[in-house]
Every structure is written in C-alpha cells, then in structure tokens.
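K.L.:
Below are the structure tokens for one structure; questions will follow.
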2 protein chains.
Amino acid sequence: MDKLQLADIKAAQQRICGHVHKTPVLSSSFLDKRLGHRFLFKAENLQKVGAFKARGAFNTLAWLKEQGQLPKRVVAYSSGNHAQSVAWACAQFNVQATILMPKGVSEVKAQATAGYGAEVVICADRMSAEARSAELAKQGAYLIPPYDHDQVICGQGTVTLEALSQVDAVDAIFTPCGGGGFLSGTTIAAKGINSAIKVFGAEPINANDAAQSLRSGNIVKLPASPDTIADGVKTLAVSERTFSYLKAADGILEIDEHAIIYWTQWLTHLLKVTIEPTAALSMAAACQWLTSQSSAKTVLLMLSGGNMDLATRHQIWQQDCLDDLPTL
Amino acid sequence: MDKLQLADIKAAQQRICGHVHKTPVLSSSFLDKRLGHRFLFKAENLQKVGAFKARGAFNTLAWLKEQGQLPKRVVAYSSGNHAQSVAWACAQFNVQATILMPKGVSEVKAQATAGYGAEVVICADRMSAEARSAELAKQGAYLIPPYDHDQVICGQGTVTLEALSQVDAVDAIFTPCGGGGFLSGTTIAAKGINSAIKVFGAEPINANDAAQSLRSGNIVKLPASPDTIADGVKTLAVSERTFSYLKAADGILEIDEHAIIYWTQWLTHLLKVTIEPTAALSMAAACQWLTSQSSAKTVLLMLSGGNMDLATRHQIWQQDCLDDLPTL
C-alpha cells in the first residue's frame, strides 16, 4: 500500500468539514505562568460523541461513499469511543450499524451507542465478537476497525491540521497512543506541514507496548489487558500499518498512573472541561519532555476525549491532587 | 437612583469586550431529541476565572476608570467566584486587591485568589470581615460587592446580550438566583431586547428567599446559611436594588437538591464540561417550566460557573444518576 501523505489528510478534512465540530484550543494562564511554557489544549473531548474518533469513523464512511461503495451495514467491535463514533457516523449516512460490545460494558455506554440507532450486541469475549464480525462480513457488512485503516488514520490526522490552523507556531505535539491511529495521523499531518515540529506519543508505563516496539524494532504485544486507568489506550499492540508511521514520530513517553490521575484532576480543574484519563497522558508526557528543554516552548496537547464511567470518575477523584501544585 | 436599561448593559459590553472570553453556546442533540425541546447552554463556566462573575468585576473597574476614579486598592468579601473575579479584574487594571475570605475556605480557592496577585485575609466571621472592610475603606479602598452594585449587574447582563447574538430566537431564559445580580442583569437585557422573552430565576428550595420575597412583596431574609449543594446561591437575601429588577422577571422556580445533583451529573456527562451545582439550577428550572408547555420551546440556560471543591465533587458523584434517563 502507498504511504499516507499530508494530502490524504487534507482530503479527509474536506470530507468531514461541517459534519464534525471545529473544537476550540484551550489554555490556562495559571499553567503557563507556573510552568514557564505555553500549553495549548486541543479540546477533542468537545467533539461529536465526546472524542476525536468521530473524525476517523465519519471520514471512512464518506470515503466509502465517494468510491460508490457505501455499505448497507457496518460492524465494529469496541467498548469505548470507537463504538459510539461508528454508531454516530452510520446514523449520518443512514447506514445500519451493528456494534459488538464485550460483556460487562457499562449500561451508559451501551445506551449511548444504541441511542445513535445502532444495534448493540453483547459478546462473551473477543473471540465470539470476531466470529460474529466474520459472519456479518460474509453477509456484506463492512468492518470499521478502530485504528488499522488508512481512512481512520486520515480522519484522526485532521485534528492536527485543524489545531495548527488555530494557533501560532508550536514546538512539539503530544498525543495519546493506543493502537497508534491517532499518533499516526498526528505524525503525518504535523511532519507534512513542518518537519521541525516534534511529535511524541504518550503511553501508560503499564501499557507501553508501542514504546517497547519502537525500542526493539518489532511490534511487541502485551501478554494480557494492561492495568491502567487510561482505558482508551489498553490496546495490546499496534498494527504493521500504524507501526510504520510511529517510526517517524520523535518518540513515545511512558507515564505512570499517578501522573495520569494528577493531570486529569488539574486539567479538569483549570480548563473546566471533562477529560477522560487517556487525555491527561498528553500533558504528563509534555511535562516529562519539557524538563529536558532549556528554553521556553509552545506545546500542543491532544485532549482525546471526555467519556468516563462512574467507577473511573471515583477512582480519579478519590484523593485530592489539587493541594499539590504543578511543577516541572 | 435611575433604573438600569438595556443601553447600560450595552455600555458594559463595550467596556469588557476583548478582556473577557466570548463563551460558546453548547447543545446536546440527545437532550433535544429526548425531551422534545431545544436546549441552549451558555457556557460561562468557560469564562475567565471559571464564572460569569468575571464580567461584573471587570466592568466595575473599567467604569471606575472611565470616571477617572480608579482606586489604588479594592476590597471584596467572598469565599467563592466573586473573590477570584475581583482578584483577577484588579490584576488587569494593576489595582491592589484585598480579598477577605471566611475561615474554613478551601486551600484551592484561597490559592487561586492569591494566584491573581491579591492579598488574601482570612476572617473569623462575616462581622470581622465587615469591620476589616470598613477599616480599609476609610483608607481609601473601594468595596466591590457581589451583587448590590449597578455596574456589577450590568456586567452580568452582558451574558444575555452575548448569548442572544449567538443563537436564534429563544422563548425563555433560566438563570440561577443568589443575591439576584445575575438575574437582574438577565432580565434587563432580555426584556430590553424583546419583552416577549420569558425570564426565570432558579433557586434551591432550601434557599428560596427570592421566591419568598416575590410572593410576599417584601424582601425575606433566610434565618441562617441554607443547606444546599448549590454554594453559589447561599446568599441570605436579595438587595433592594436587585429586588426591584427581579419583579420584572417572570418568576422564580424552586429546585430540590436531588434535581441539582441529577442535572450536574447529566450536563457534565453530555456537554463534557465541568459545571458547579449552581449551574445545574437553570436546567432543572427549565424542565419544571417545560412540563407546563404544550408546544416545543427553545430555552437558553445559563451555566453560571465551573468551580467546585473536592468535597462537593464527591457529594455530586456519590450515587449514579446516569442510569436514570432524563424525562419531563
């Protein structure tokens, strides 16, 4: 397959323009003053369905339509933002959606997905979900994967395109990394616009398969679902496709669980928006990088989403981190 | 004194323009579909200092400057958003601020206020705060009260002016009511623009002094600090000044504590922004009013602020209201 270019992301932006929100870039003068750098937060938590993933899902369907290949039915397997994004995007194109969700998914998430008109099927495990997918595919359904798809990657890349049009020059961009779709799109877009912009991924230490993969030069797969509060990046491994783009990034920073909770609290407090813990990875990574910088930098941080169940919310707020002022 | 008019609020808007945020109007297609009305949320929680009160404080100082009466020092008494707003506004005008805060105020709030460069003085009680105020006033300090001031009211009224320029026709506006400054400004602005727009205040049942006052025709003062989670509207009584404007509103709706918690959870969940419980009063009041309406309405809801301490956050989220879908 041909490698994706900036032009492909620009094409995605044309497709999704007017259908997804142009999200704001937030900032905090308190943070800038206190830490001595300029922090710009791209608020994709305020995106349709509460996450950047609406972009990739919509772009994939718009691209299929462009090719004259809009399917009658789409299938996706996810317990999280991808589920809601595909359900929402299908509703925009009047395409039927079947969303396979794992047993134990919260009622709120299942309801939100069904609320977009999707058929929600609860599966016992990933194997039975894959079997069900294959079955539906045989009947002509189109599977939209969460990251291993060119048009999904291009959709996610539009966040960077949009953000860089909203702000002045930035030195570095920080993006959470799960399956690598968001980070791939970010890297293609940012380096395509200006190769001097640094691009970093952010992973929980407890789910550092992408960091391990880049270190070893081969895709490393986690042995089991990792123990992290950042439920958006629990993917076991990146794909060959995303791995090839991740190699062009400037590195992956590994974040401990306390830092995720700490920045979830502080960004919620300062920016007055709801962010899911995965979104806080960007800020924690930026702080890690900035400790090694000798001059003031401008950094762009991707707030990936704002969806969170009650148990996660309780876990985030069980102790008070706001007594402990930010420092580098 | 002359009664305030729409022109006074327009003058305030000129003064504060470019110095405070133009906040977005948020909506939720889920809510609109489910409840059968159009809900527009004016997100003043994303305002400077996280509350609409930045407008009144800034306008008062800008007006003083216009009169050639910018003081050397400003004093204010508050544990909440008024404290931070005055501290922030003074910093913009290079005016020294002394903020008197009651004993027991949270460290986060005291720090945030001090962070704007204000001198924070912790007072044992309201009486000692008033004594200290009087002392500073004798030395030339200017007291900015939280609501009983024409220019504070005009500043708060700019929220309505701005919101009505961002949306199509609305049928009714809902605003939390504590001391009545925000509701006064809302009423003057909305009725001035179009007298057909209904304007309602929203008060906790447990702190319903304004509702009682309007019923009896005289200002009723609560005997003691009321027990409500909506800490932005704990004021014991409205003032003669605000009472005179409240009479022109279409009523005050009284909200129970469960509804405040319920809508704080749901609006946080759907809009992905942090709102303080006081902000949820608007939505609860709108739902109460809409049950009596026979046709679909468009309502504008003032999200007053997004500041909340950890104890309040825990209280809001201790039980899950998201299992219980909204209905009218």
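Going by the structure tokens order, chains are called A, B, ..., each with residues numbered from 1, while ligands are numbered from 1 in the order shown.
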Can you list, as JSON, numbers by chain, every protein, DNA or RNA residue that comes within 6 Å of region 298-300 of chain A when you count only C-alpha atoms, leaving out same-chain residues fewer than 2 positions away?
P.N.:
{"A": [38, 39, 40, 41, 170, 171, 172, 173]}
K.L.:
Save out the residues we just selected, C-alpha atoms, as a tab-separated table (two decimals), in the first residue's frame.
P.N.:
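Writing the result to selection-v3.tsv gives the following:
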```
chain	number	residue	atom	x	y	z
A	38	ARG	CA	2.92	27.81	26.64
A	39	PHE	CA	0.38	24.95	26.76
A	40	LEU	CA	-2.30	24.70	24.07
A	41	PHE	CA	-5.01	22.09	24.56
A	170	VAL	CA	4.28	25.09	18.08
A	171	ASP	CA	7.47	23.27	19.02
A	172	ALA	CA	6.02	19.90	19.87
A	173	ILE	CA	2.77	17.92	19.82
```
K.L.:
Which residues in region 6-214 of chain B does DSSP call helix (DSSP H, G or I)? List them as a ChimeraX atom specification.
P.N.:
/B:6-16,29-35,44-46,48-50,53-66,81-92,107-115,126-138,150-166,181-193,205-207,209-214
K.L.:
Residues of chain B near chain A: apply a cut-off of 8 Å, count only C-alpha atoms, and supply the list as a count of residues only.
P.N.:
22
K.L.:
When you draw a straight line from CA of Ala224 (chain A) to CA of Phe182 (chain A), how long is it in Å?
P.N.:
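So the two atoms, CA of Ala224 (chain A) and CA of Phe182 (chain A), lie 22.3 Å apart.
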K.L.:
Provide the CA of Phe200 (chain A) to CA of Leu253 (chain A) distance in Å, to one decimal place.
P.N.:
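Between these atoms lies a distance of 7.0 Å.
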K.L.:
Running DSSP on the backbone, which parts of region 130-266 of chain A land in strand (DSSP E), as a PyMOL selection string?
P.N.:
chain A and resi 142-143+172-176+198-204+252-255
K.L.:
May I have the residues within 6 Å of region 201-208 of chain A as a list in words, using only C-alpha atoms and disregarding those fewer than 2 positions away in the same chain?
P.N.:
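Result of the neighbour search: Phe174, Thr175, Pro176, Cys177, Ala210, Ala211, Pro226, Ile252, Leu253, Glu254, Ile255, Asp256, Leu281, Ser282 and Ala285 of chain A.
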K.L.:
Could those selected residues go to a file with all heavy atoms, as a CSV table (one decimal), in the first residue's frame?
P.N.:
```
chain,number,residue,atom,x,y,z
A,174,PHE,N,1.8,16.4,21.5
A,174,PHE,CA,1.8,15.2,22.3
A,174,PHE,C,0.4,14.6,22.1
A,174,PHE,O,-0.6,15.2,22.3
A,174,PHE,CB,2.0,15.6,23.8
A,174,PHE,CG,3.4,16.1,24.0
A,174,PHE,CD1,3.7,17.5,23.7
A,174,PHE,CD2,4.4,15.3,24.4
A,174,PHE,CE1,5.0,18.0,23.9
A,174,PHE,CE2,5.7,15.8,24.5
A,174,PHE,CZ,6.0,17.1,24.3
A,175,THR,N,0.4,13.3,21.8
A,175,THR,CA,-0.8,12.6,21.5
A,175,THR,C,-0.8,11.2,22.2
A,175,THR,O,0.2,10.5,22.2
A,175,THR,CB,-0.9,12.3,20.0
A,175,THR,OG1,-0.7,13.5,19.3
A,175,THR,CG2,-2.2,11.6,19.6
A,176,PRO,N,-2.0,10.8,22.9
A,176,PRO,CA,-2.0,9.5,23.5
A,176,PRO,C,-1.9,8.4,22.4
A,176,PRO,O,-2.3,8.6,21.3
A,176,PRO,CB,-3.4,9.4,24.1
A,176,PRO,CG,-3.9,10.9,24.1
A,176,PRO,CD,-3.2,11.6,23.0
A,177,CYS,N,-1.3,7.3,22.8
A,177,CYS,CA,-1.1,6.2,21.8
A,177,CYS,C,-1.6,4.9,22.4
A,177,CYS,O,-1.2,4.4,23.4
A,177,CYS,CB,0.4,6.1,21.5
A,177,CYS,SG,0.8,4.8,20.4
A,210,ALA,N,3.8,0.1,22.6
A,210,ALA,CA,4.4,0.9,21.4
A,210,ALA,C,5.8,1.4,21.7
A,210,ALA,O,6.7,1.3,20.8
A,210,ALA,CB,3.5,2.1,21.1
A,211,ALA,N,6.0,1.8,23.0
A,211,ALA,CA,7.4,2.2,23.3
A,211,ALA,C,8.3,1.0,23.2
A,211,ALA,O,9.4,1.1,22.7
A,211,ALA,CB,7.4,2.8,24.8
A,226,PRO,N,-3.8,-4.6,29.9
A,226,PRO,CA,-3.0,-3.9,30.9
A,226,PRO,C,-3.8,-3.3,32.0
A,226,PRO,O,-5.0,-2.9,31.8
A,226,PRO,CB,-2.2,-2.9,30.1
A,226,PRO,CG,-3.1,-2.6,28.9
A,226,PRO,CD,-3.8,-3.9,28.6
A,252,ILE,N,8.1,7.9,22.1
A,252,ILE,CA,6.9,7.6,23.0
A,252,ILE,C,7.3,7.8,24.4
A,252,ILE,O,8.4,7.3,24.8
A,252,ILE,CB,6.4,6.2,22.8
A,252,ILE,CG1,6.2,5.9,21.3
A,252,ILE,CG2,5.2,5.9,23.6
A,252,ILE,CD1,4.8,5.7,20.8
A,253,LEU,N,6.6,8.6,25.1
A,253,LEU,CA,6.9,8.8,26.5
A,253,LEU,C,6.0,8.0,27.4
A,253,LEU,O,4.8,7.8,27.1
A,253,LEU,CB,6.8,10.3,26.9
A,253,LEU,CG,7.8,11.2,26.1
A,253,LEU,CD1,7.3,12.6,26.0
A,253,LEU,CD2,9.1,11.2,26.7
A,254,GLU,N,6.6,7.4,28.5
A,254,GLU,CA,5.9,6.5,29.3
A,254,GLU,C,5.5,7.1,30.6
A,254,GLU,O,6.3,7.7,31.3
A,254,GLU,CB,6.7,5.2,29.5
A,254,GLU,CG,7.0,4.6,28.2
A,254,GLU,CD,8.1,3.5,28.3
A,254,GLU,OE1,7.9,2.5,29.0
A,254,GLU,OE2,9.2,3.7,27.6
A,255,ILE,N,4.2,7.0,31.0
A,255,ILE,CA,3.6,7.8,32.0
A,255,ILE,C,3.1,6.9,33.1
A,255,ILE,O,2.4,5.9,32.9
A,255,ILE,CB,2.4,8.6,31.5
A,255,ILE,CG1,2.8,9.4,30.2
A,255,ILE,CG2,1.8,9.5,32.6
A,255,ILE,CD1,4.0,10.3,30.4
A,256,ASP,N,3.4,7.2,34.4
A,256,ASP,CA,2.9,6.4,35.5
A,256,ASP,C,1.5,6.8,35.9
A,256,ASP,O,1.0,7.8,35.5
A,256,ASP,CB,3.9,6.5,36.7
A,256,ASP,CG,3.9,7.8,37.4
A,256,ASP,OD1,2.8,8.4,37.6
A,256,ASP,OD2,5.0,8.3,37.6
A,281,LEU,N,-2.7,11.9,29.5
A,281,LEU,CA,-1.4,11.4,29.1
A,281,LEU,C,-0.6,12.4,28.3
A,281,LEU,O,0.6,12.5,28.5
A,281,LEU,CB,-1.6,10.2,28.2
A,281,LEU,CG,-2.0,8.8,28.8
A,281,LEU,CD1,-2.4,7.8,27.8
A,281,LEU,CD2,-0.8,8.3,29.7
A,282,SER,N,-1.3,13.2,27.5
A,282,SER,CA,-0.6,14.2,26.6
A,282,SER,C,0.1,15.2,27.5
A,282,SER,O,1.3,15.6,27.3
A,282,SER,CB,-1.6,15.0,25.8
A,282,SER,OG,-2.4,14.1,25.1
A,285,ALA,N,3.1,13.7,29.4
A,285,ALA,CA,4.2,13.5,28.5
A,285,ALA,C,4.9,14.8,28.2
A,285,ALA,O,6.1,14.9,28.2
A,285,ALA,CB,3.7,12.8,27.2
```
